[in-house]
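Raw contents of work-v4.cif, mmCIF, C-alpha atoms and all ligand atoms:
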```cif
data_work
loop_
_atom_site.label_atom_id
_atom_site.label_comp_id
_atom_site.auth_asym_id
_atom_site.auth_seq_id
_atom_site.Cartn_x
_atom_site.Cartn_y
_atom_site.Cartn_z
CA MET Z 1 4.70 54.97 48.14
CA ARG Z 2 5.98 51.93 46.30
CA ALA Z 3 8.86 50.16 47.99
CA THR Z 4 11.53 49.14 45.51
CA ALA Z 5 13.75 46.11 45.72
CA PHE Z 6 16.80 48.27 46.06
CA GLY Z 7 15.63 51.00 48.40
CA HIS Z 8 13.47 49.04 50.75
CA SER Z 9 12.80 48.64 54.41
CA ALA Z 10 13.94 45.43 56.04
CA TYR Z 11 10.89 43.34 55.29
CA LYS Z 12 11.86 42.67 51.70
CA CYS Z 13 15.28 41.08 52.11
CA TYR Z 14 15.20 37.57 50.84
CA LEU Z 15 18.27 36.36 49.05
CA SER Z 16 20.49 33.57 50.35
CA HIS Z 17 24.19 33.55 49.53
CA ALA Z 18 23.71 30.15 47.92
CA LEU Z 19 21.29 31.65 45.42
CA LEU Z 20 23.62 34.57 44.85
CA ALA Z 21 26.43 32.16 43.98
CA ASN Z 22 24.31 30.02 41.70
CA ASN Z 23 21.92 32.38 40.04
CA ALA Z 24 20.27 30.35 37.30
CA THR Z 25 17.87 33.13 36.32
CA GLY Z 26 20.58 35.67 35.66
CA THR Z 27 19.22 37.90 38.38
CA THR Z 28 21.63 40.51 39.65
CA ALA Z 29 21.99 40.90 43.38
CA ASN Z 30 22.29 44.39 44.76
CA SER Z 31 23.17 45.97 48.05
CA CYS Z 32 20.38 47.93 49.64
CA ASN Z 33 20.65 50.99 51.85
CA ASN Z 34 20.62 48.84 54.98
CA GLN Z 35 23.71 46.93 53.85
CA HIS Z 36 21.74 43.77 53.28
CA ILE Z 37 21.86 41.77 50.14
CA THR Z 38 18.55 41.52 48.36
CA CYS Z 39 17.14 40.20 45.14
CA PRO Z 40 13.70 40.81 43.63
CA ASN Z 41 13.61 37.18 42.55
CA GLY Z 42 13.99 35.56 45.94
CA ASN Z 43 11.79 33.69 48.37
CA TYR Z 44 14.76 33.06 50.58
CA THR Z 45 15.83 34.45 53.91
CA CYS Z 46 18.73 36.84 53.67
CA LEU Z 47 21.55 35.60 55.87
CA GLU Z 48 22.68 39.15 56.46
CA LEU Z 49 19.35 40.44 57.67
CA SER Z 50 20.45 42.41 60.70
CA GLN Z 51 17.10 43.38 62.20
CA PRO Z 52 13.70 41.75 62.48
CA ALA Z 53 11.53 42.15 59.42
CA THR Z 54 8.85 44.75 59.99
CA MET Z 55 6.13 45.82 57.65
CA ASN Z 56 3.74 48.68 57.66
CA PRO Z 57 0.40 47.39 56.41
CA ASN Z 58 0.23 50.46 54.16
CA ASP Z 59 3.51 49.57 52.43
CA GLU Z 60 3.28 48.09 48.99
CA ILE Z 61 5.32 44.95 48.42
CA ALA Z 62 8.16 45.24 45.92
CA SER Z 63 7.76 43.21 42.78
CA GLN Z 64 9.19 39.70 43.00
CA ILE Z 65 9.76 39.72 39.26
CA SER Z 66 13.36 40.05 38.13
CA SER Z 67 14.55 40.73 34.62
CA SER Z 68 17.65 39.20 33.05
CA ILE Z 69 17.87 42.16 30.68
CA LYS Z 70 18.32 45.85 31.42
CA LEU Z 71 16.06 48.33 29.63
CA GLU Z 72 18.65 51.10 29.66
CA VAL Z 73 21.47 49.12 28.03
CA GLU Z 74 22.28 49.78 24.35
CA GLY Z 75 22.18 46.70 22.13
CA LYS Z 76 19.93 43.72 21.42
CA GLN Z 77 19.11 41.52 24.41
CA HIS Z 78 17.05 38.34 24.65
CA GLY Z 79 16.07 37.28 28.16
CA HIS Z 80 13.30 36.57 30.64
CA LEU Z 81 11.23 38.13 33.36
CA SER Z 82 11.29 35.57 36.17
CA LEU Z 83 8.78 35.15 38.97
CA PRO Z 84 9.19 32.54 41.71
CA HIS Z 85 6.40 29.98 41.61
CA SER Z 86 6.46 26.94 43.87
CA SER Z 87 4.21 24.18 42.56
CA ASN Z 88 3.68 20.43 42.80
CA GLU Z 89 5.69 20.07 39.61
CA SER Z 90 8.58 22.31 40.68
CA ALA Z 91 9.21 23.11 44.33
CA TRP Z 92 11.59 26.00 43.66
CA GLY Z 93 10.34 26.76 40.20
CA SER Z 94 9.57 30.01 38.45
CA VAL Z 95 7.37 31.43 35.72
CA ARG Z 96 9.54 32.74 32.88
CA ILE Z 97 8.27 35.37 30.47
CA PRO Z 98 10.40 35.86 27.35
CA ILE Z 99 11.44 39.43 26.55
CA THR Z 100 13.57 41.02 23.84
CA VAL Z 101 14.81 44.60 24.05
CA ILE Z 102 16.60 46.41 21.23
CA LYS Z 103 17.98 49.83 22.14
CA ASN Z 104 19.83 52.03 19.74
CA GLY Z 105 20.06 55.78 20.30
CA SER Z 106 17.56 58.12 21.85
CA GLY Z 107 14.31 57.65 19.89
CA PRO Z 108 10.98 56.75 21.49
CA THR Z 109 10.26 53.51 23.35
CA VAL Z 110 7.73 51.22 21.71
CA THR Z 111 6.36 48.16 23.52
CA LEU Z 112 4.70 45.35 21.57
CA ILE Z 113 2.79 42.80 23.67
CA ALA Z 114 1.12 39.50 22.75
CA GLY Z 115 0.01 36.41 24.64
CA ASN Z 116 -2.04 38.49 27.09
CA HIS Z 117 -4.52 35.66 26.48
CA GLY Z 118 -2.97 32.25 25.88
CA ASP Z 119 -5.13 30.95 23.02
CA GLU Z 120 -4.42 33.70 20.48
CA TYR Z 121 -1.60 33.13 18.02
CA GLU Z 122 -1.09 35.92 15.47
CA GLY Z 123 0.53 38.24 18.01
CA PRO Z 124 2.94 35.76 19.60
CA LEU Z 125 4.10 34.46 16.21
CA ALA Z 126 4.57 37.95 14.77
CA LEU Z 127 6.59 39.11 17.79
CA LEU Z 128 8.70 35.94 18.01
CA LYS Z 129 9.60 36.48 14.35
CA LEU Z 130 10.33 40.19 14.89
CA ALA Z 131 12.62 39.32 17.82
CA ASN Z 132 14.65 37.13 15.46
CA GLU Z 133 14.55 39.36 12.40
CA LEU Z 134 15.19 42.90 13.69
CA ASN Z 135 18.78 43.91 14.26
CA LEU Z 136 20.30 46.71 16.30
CA GLU Z 137 20.94 48.88 13.24
CA ASP Z 138 17.25 48.63 12.23
CA ILE Z 139 16.07 50.47 15.36
CA ASN Z 140 16.32 54.16 16.23
CA GLY Z 141 15.05 54.25 19.81
CA ARG Z 142 14.01 51.34 22.00
CA LEU Z 143 11.84 48.36 21.15
CA ILE Z 144 10.46 46.10 23.91
CA LEU Z 145 8.94 42.81 22.70
CA LEU Z 146 6.84 40.61 25.03
CA PRO Z 147 5.52 37.84 22.73
CA CYS Z 148 4.00 35.64 25.46
CA LEU Z 149 3.06 37.92 28.35
CA ASN Z 150 0.84 35.41 30.14
CA ALA Z 151 3.39 32.63 29.68
CA PRO Z 152 1.53 29.99 31.74
CA ALA Z 153 -1.65 30.59 29.70
CA VAL Z 154 0.25 30.40 26.41
CA ALA Z 155 1.90 27.13 27.49
CA SER Z 156 -1.51 25.62 28.24
CA ALA Z 157 -3.24 27.11 25.16
CA SER Z 158 -5.84 28.67 27.43
CA ARG Z 159 -7.29 32.17 27.65
CA LEU Z 160 -6.83 32.34 31.42
CA SER Z 161 -3.80 31.45 33.49
CA PRO Z 162 -3.93 27.79 34.60
CA ILE Z 163 -2.18 28.80 37.84
CA ASP Z 164 -4.76 31.17 39.32
CA ASN Z 165 -7.54 30.96 36.70
CA LYS Z 166 -7.34 34.72 36.16
CA ASN Z 167 -7.82 36.74 32.98
CA MET Z 168 -4.64 38.80 32.56
CA ASN Z 169 -6.58 41.54 30.80
CA ARG Z 170 -8.81 42.05 33.83
CA CYS Z 171 -5.94 42.22 36.37
CA PHE Z 172 -4.37 45.60 35.57
CA PRO Z 173 -2.84 47.60 37.12
CA GLY Z 174 -2.04 44.46 39.09
CA ASP Z 175 -0.91 43.71 42.60
CA SER Z 176 2.67 42.93 43.66
CA ASN Z 177 1.24 40.98 46.60
CA GLY Z 178 -1.46 39.16 44.60
CA SER Z 179 -1.55 35.95 42.61
CA ILE Z 180 0.81 35.12 39.74
CA THR Z 181 -1.27 36.97 37.12
CA ASP Z 182 -1.65 40.01 39.43
CA LYS Z 183 2.11 40.12 39.92
CA ILE Z 184 2.85 40.01 36.19
CA ALA Z 185 0.31 42.79 35.58
CA ASP Z 186 1.88 44.86 38.36
CA TYR Z 187 5.35 44.51 36.86
CA ILE Z 188 4.12 45.61 33.44
CA SER Z 189 2.28 48.57 34.99
CA THR Z 190 5.20 49.74 37.10
CA SER Z 191 8.31 48.78 35.13
CA ILE Z 192 7.40 48.59 31.43
CA ILE Z 193 4.57 51.03 30.69
CA PRO Z 194 6.18 54.04 32.44
CA GLU Z 195 9.15 53.53 30.11
CA SER Z 196 6.96 53.31 26.98
CA ASP Z 197 5.72 56.00 24.59
CA TYR Z 198 3.67 53.66 22.38
CA VAL Z 199 2.05 50.31 23.26
CA LEU Z 200 0.55 47.78 20.86
CA ASP Z 201 -1.29 44.84 22.48
CA LEU Z 202 -2.06 42.10 19.94
CA HIS Z 203 -5.19 40.03 20.45
CA SER Z 204 -7.41 37.65 18.49
CA GLY Z 205 -10.68 35.98 19.33
CA GLY Z 206 -9.14 32.91 20.96
CA LYS Z 207 -10.97 29.60 20.95
CA THR Z 208 -14.45 31.05 21.39
CA LEU Z 209 -14.65 34.05 19.02
CA ASP Z 210 -13.77 34.79 15.41
CA PHE Z 211 -13.24 38.41 14.28
CA ILE Z 212 -12.76 40.12 10.99
CA PRO Z 213 -9.11 41.23 11.20
CA LEU Z 214 -9.00 44.66 12.80
CA ALA Z 215 -6.90 47.14 14.72
CA ALA Z 216 -8.73 49.17 17.35
CA VAL Z 217 -8.66 52.18 19.63
CA HIS Z 218 -11.10 53.31 22.30
CA PHE Z 219 -13.24 56.39 22.50
CA LEU Z 220 -11.16 58.56 24.84
CA ALA Z 221 -12.00 61.70 26.79
CA ASP Z 222 -8.55 62.98 25.80
CA ARG Z 223 -9.24 63.79 22.13
CA GLN Z 224 -5.59 64.56 21.41
CA LEU Z 225 -4.51 61.14 22.71
CA GLN Z 226 -7.31 59.46 20.76
CA GLU Z 227 -6.14 61.17 17.55
CA LYS Z 228 -2.57 59.95 18.11
CA ALA Z 229 -3.88 56.43 18.74
CA GLU Z 230 -6.06 56.58 15.62
CA ASN Z 231 -3.12 57.64 13.48
CA ALA Z 232 -1.12 54.68 14.79
CA MET Z 233 -4.12 52.37 14.20
CA ILE Z 234 -4.46 53.54 10.59
CA ALA Z 235 -0.72 53.04 10.07
CA PHE Z 236 -1.03 49.44 11.33
CA GLY Z 237 -3.01 48.88 8.14
CA ALA Z 238 -5.41 46.09 9.11
CA PRO Z 239 -8.30 45.57 6.67
CA ASN Z 240 -10.61 47.03 9.35
CA SER Z 241 -10.03 49.81 11.91
CA LEU Z 242 -12.37 50.14 14.87
CA ARG Z 243 -13.28 52.78 17.43
CA MET Z 244 -14.81 50.88 20.29
CA ARG Z 245 -16.35 50.91 23.72
CA GLU Z 246 -15.70 48.01 26.07
CA LEU Z 247 -18.52 46.24 27.86
CA ASP Z 248 -16.33 46.45 30.96
CA ASP Z 249 -12.97 48.26 30.77
CA ARG Z 250 -11.96 47.76 34.40
CA GLY Z 251 -8.70 45.88 34.84
CA MET Z 252 -7.69 46.08 31.21
CA LEU Z 253 -4.13 46.79 30.07
CA ASP Z 254 -5.75 49.13 27.54
CA THR Z 255 -7.28 51.33 30.23
CA MET Z 256 -4.14 51.40 32.35
CA VAL Z 257 -1.95 52.46 29.39
CA GLU Z 258 -4.45 55.05 28.16
CA THR Z 259 -4.83 56.48 31.67
CA ALA Z 260 -1.05 56.84 31.79
CA GLY Z 261 -1.33 59.03 28.67
CA LYS Z 262 0.48 56.63 26.35
CA VAL Z 263 -0.53 55.92 22.75
CA PHE Z 264 -2.33 52.57 22.76
CA VAL Z 265 -3.56 50.37 19.92
CA THR Z 266 -4.97 46.87 20.16
CA THR Z 267 -6.05 44.29 17.59
CA GLU Z 268 -8.43 41.40 17.01
CA LEU Z 269 -6.96 39.32 14.17
CA ARG Z 270 -9.37 36.39 13.59
CA GLY Z 271 -9.56 33.64 16.26
CA GLY Z 272 -10.93 30.15 16.73
CA GLY Z 273 -7.83 29.09 18.65
CA THR Z 274 -5.66 28.96 15.55
CA VAL Z 275 -3.88 31.20 13.04
CA THR Z 276 -4.11 31.48 9.28
CA ARG Z 277 -1.49 32.53 6.76
CA GLU Z 278 -3.58 35.61 6.00
CA SER Z 279 -4.10 36.68 9.62
CA LEU Z 280 -0.41 36.21 10.46
CA GLN Z 281 0.55 38.29 7.43
CA ILE Z 282 -1.71 41.10 8.69
CA ALA Z 283 -0.06 40.89 12.12
CA GLU Z 284 3.48 40.92 10.75
CA THR Z 285 2.90 43.78 8.32
CA GLY Z 286 0.92 45.70 10.94
CA CYS Z 287 3.65 45.43 13.60
CA ARG Z 288 6.30 46.71 11.21
CA ASN Z 289 3.99 49.52 10.03
CA PHE Z 290 3.34 50.48 13.66
CA LEU Z 291 7.09 50.67 14.33
CA VAL Z 292 7.63 52.76 11.17
CA HIS Z 293 4.84 55.11 12.30
CA THR Z 294 6.52 55.66 15.68
CA GLY Z 295 9.78 56.50 13.95
CA ILE Z 296 11.91 53.74 15.48
CA LEU Z 297 12.03 51.53 12.35
CA GLN Z 298 13.36 53.01 9.10
CA GLN Z 299 11.40 51.11 6.49
CA GLU Z 300 8.70 51.83 3.92
CA LEU Z 301 5.12 51.73 5.23
CA VAL Z 302 3.16 48.95 3.53
CA LEU Z 303 0.06 50.95 2.72
CA ALA Z 304 -3.34 49.24 2.69
CA SER Z 305 -6.90 50.46 2.58
CA THR Z 306 -8.88 50.02 5.79
CA ARG Z 307 -12.60 50.05 6.51
CA MET Z 308 -13.44 52.31 9.46
CA LEU Z 309 -15.89 50.84 11.96
CA GLU Z 310 -17.45 51.95 15.23
CA MET Z 311 -19.34 50.21 18.02
CA PRO Z 312 -21.42 53.14 19.22
CA GLU Z 313 -24.07 51.41 21.34
CA GLU Z 314 -24.68 48.43 23.56
CA ASN Z 315 -26.96 46.83 20.94
CA CYS Z 316 -23.80 46.05 18.95
CA PHE Z 317 -23.54 42.95 21.15
CA VAL Z 318 -25.85 39.98 20.61
CA VAL Z 319 -25.83 37.67 23.63
CA ALA Z 320 -27.18 34.11 23.68
CA ASP Z 321 -29.95 33.25 26.14
CA CYS Z 322 -30.29 29.52 25.44
CA HIS Z 323 -28.26 26.35 25.04
CA GLY Z 324 -27.98 24.73 21.67
CA MET Z 325 -26.31 24.18 18.36
CA LEU Z 326 -25.39 27.37 16.52
CA GLU Z 327 -26.44 28.09 12.94
CA MET Z 328 -24.95 31.40 11.81
CA CYS Z 329 -27.17 33.02 9.20
CA SER Z 330 -24.83 35.92 8.35
CA PHE Z 331 -21.31 35.94 6.95
CA LEU Z 332 -18.42 37.21 9.06
CA GLY Z 333 -17.57 40.61 7.61
CA GLY Z 334 -20.82 40.78 5.65
CA PRO Z 335 -23.76 43.16 6.10
CA VAL Z 336 -26.56 42.61 8.62
CA TYR Z 337 -29.82 44.51 8.70
CA LYS Z 338 -32.01 45.54 11.63
CA GLY Z 339 -34.71 42.91 12.04
CA SER Z 340 -32.89 40.21 10.02
CA VAL Z 341 -32.03 36.80 11.48
CA ILE Z 342 -28.35 36.70 12.46
CA ALA Z 343 -28.36 33.17 13.84
CA ARG Z 344 -30.53 30.28 14.94
CA VAL Z 345 -29.85 28.10 17.97
CA HIS Z 346 -31.23 24.58 17.69
CA ASP Z 347 -32.28 22.26 20.51
CA PHE Z 348 -30.18 19.22 19.63
CA GLU Z 349 -31.66 17.06 22.39
CA ASN Z 350 -35.18 17.06 20.97
CA THR Z 351 -36.73 16.87 17.54
CA GLY Z 352 -39.77 18.85 16.53
CA ARG Z 353 -38.70 22.07 18.29
CA ALA Z 354 -38.43 25.38 16.51
CA PRO Z 355 -34.96 26.94 16.77
CA ARG Z 356 -34.51 30.15 18.77
CA GLU Z 357 -33.89 33.00 16.31
CA PHE Z 358 -31.59 35.91 17.11
CA ILE Z 359 -32.50 39.15 15.39
CA ALA Z 360 -30.13 42.02 14.56
CA GLY Z 361 -31.02 45.12 16.58
CA ARG Z 362 -29.26 47.41 14.13
CA ASP Z 363 -27.79 47.66 10.65
CA GLY Z 364 -24.08 47.04 10.32
CA ILE Z 365 -21.23 44.64 9.59
CA LEU Z 366 -20.92 41.27 11.34
CA MET Z 367 -17.61 42.00 13.07
CA ALA Z 368 -17.32 38.93 15.32
CA ARG Z 369 -19.13 35.68 15.94
CA HIS Z 370 -19.17 32.88 18.50
CA PHE Z 371 -16.80 30.25 17.15
CA PRO Z 372 -17.61 26.81 18.72
CA GLY Z 373 -20.51 24.83 17.34
CA LEU Z 374 -22.42 24.83 20.63
CA ILE Z 375 -23.53 27.90 22.54
CA THR Z 376 -24.63 28.62 26.13
CA PRO Z 377 -26.68 31.38 27.78
CA GLY Z 378 -24.48 34.42 28.34
CA ASP Z 379 -22.10 33.67 25.46
CA CYS Z 380 -21.41 36.53 23.08
CA LEU Z 381 -23.10 35.27 19.91
CA ALA Z 382 -22.21 38.12 17.58
CA VAL Z 383 -20.90 41.67 17.46
CA ILE Z 384 -22.28 44.14 14.92
CA ALA Z 385 -20.18 47.18 13.99
CA GLU Z 386 -21.21 50.21 12.02
CA GLU Z 387 -19.21 51.34 8.99
CA VAL Z 388 -18.35 55.03 9.26
CA PRO Z 389 -16.35 57.48 7.14
CA ARG Z 390 -12.69 58.07 8.07
ZN ZN V 401 -7.30 38.47 23.85
#
```
Would you give me this structure, written as structure tokens?
Amino acid sequence: MRATAFGHSAYKCYLSHALLANNATGTTANSCNNQHITCPNGNYTCLELSQPATMNPNDEIASQISSSIKLEVEGKQHGHLSLPHSSNESAWGSVRIPITVIKNGSGPTVTLIAGNHGDEYEGPLALLKLANELNLEDINGRLILLPCLNAPAVASASRLSPIDNKNMNRCFPGDSNGSITDKIADYISTSIIPESDYVLDLHSGGKTLDFIPLAAVHFLADRQLQEKAENAMIAFGAPNSLRMRELDDRGMLDTMVETAGKVFVTTELRGGGTVTRESLQIAETGCRNFLVHTGILQQELVLASTRMLEMPEENCFVVADCHGMLEMCSFLGGPVYKGSVIARVHDFENTGRAPREFIAGRDGILMARHFPGLITPGDCLAVIAEEVPR
């Protein structure tokens, strides 16, 4: 059973009175059942700890993340999730993850997440703008906005966290006793997703991939849940809508949310480590459409046609097996044909060598491509999707 910060055994009692009196993070101290004072934000010894700390190895550790906002409070709140992080740069520092919650009435809870990877920009920009633009009277229900979930990765413009070198989207459901990224994932899994009815996780290709702009759902065993997700994906209104299989779905936020039975949609909205006016427009319109679809935003849907795609087989992925300089021979979003040359990889250290040619294993649409000019064995060179009827 999960130990909570406010109903715990003695081992999780950390807060000093000095921190209580000068609480820069806005964390609220609470009395626990043992008459101690505790705080989920603390790394400090509680002065009122009346018995030696004991811990059953089977006990889970309570989350160290504290929130300066309360999910159940009516109104519009801007704040942070705070996680203690002692580093060379800041001895008593913390990681701060921005969060906005707008709650008005009893409608569903919709959670929009971006910055799961730190080098993708459509999602964070769209959600930062939504947090400024939406007012309490616009919402009928509860909206949770997390524009920069992996805040350390966003701050360093990197896919992975610079603190523990972990990929946030391979750390779910997380670990309250793990590294920084594990702890953030655990908090989302235990405190945000259980409260949510719909979850939209905004991604792009980052520095190393470029996608045609698309919203996506997974093939799910639960056909009813998949249909709900597909309806939300279509409402998002990206130029392309994809049913997909992951190469490896372990540790993904997607899998955790879907397993919890919540409606989940994700996106890939271009990439290359930057954002375009067009891709941001798709993100902004799509987020508002998604909220309209869930019923918490009273606004007209901005209808757009979408091309339905699937990735039915493993041969959708083309993987590089050599070093070199990449010459794409197909257009992103354009058709590819089985047996045609998708790309050539040139040996740039020698002249007189024939380039390695990569051949499409199937007909389809070039959905994504490797973005940097150089490529390495194991890199995903291209992804081919198949156009299917709605
Ligand atoms: Zn991503």
Residue contacts of Gly79 of chain Z (10 Å, only C-alpha atoms) excluding same-chain residues fewer than 6 positions away, as a ChimeraX atom specification:
/Z:25-26,67-70,96-101
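The spacing separating atom CA of Ser106 of chain Z from atom CA of Leu200 of chain Z amounts to 19.9 Å.
Of the listed residues (Z:Gly272, Z:Gly237, Z:Pro124, Z:Pro213), Z:Gly237 comes nearest to Phe290 of chain Z; the distances count only C-alpha atoms.
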Contacts of Asp182 of chain Z within 10 Å, all atoms listed in the file, excl. fewer than 6 positions in-chain, as a ChimeraX atom specification
/Z:164,166-168,170-176
List the residues sitting within 7 Å of (-10.4, 51.5, 21.6) in the file's frame, using all atoms listed in the file, as an mmCIF file with C-alpha atoms, in the coordinates of the input.
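Wrote it out as point18.cif, contents follow:
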```cif
data_model
loop_
_atom_site.group_PDB
_atom_site.id
_atom_site.type_symbol
_atom_site.label_atom_id
_atom_site.label_comp_id
_atom_site.auth_asym_id
_atom_site.auth_seq_id
_atom_site.Cartn_x
_atom_site.Cartn_y
_atom_site.Cartn_z
ATOM 1 C CA ALA Z 216 -8.730 49.170 17.350
ATOM 2 C CA VAL Z 217 -8.660 52.180 19.630
ATOM 3 C CA HIS Z 218 -11.100 53.310 22.300
ATOM 4 C CA PHE Z 219 -13.240 56.390 22.500
ATOM 5 C CA ARG Z 243 -13.280 52.780 17.430
ATOM 6 C CA MET Z 244 -14.810 50.880 20.290
ATOM 7 C CA ARG Z 245 -16.350 50.910 23.720
#
```
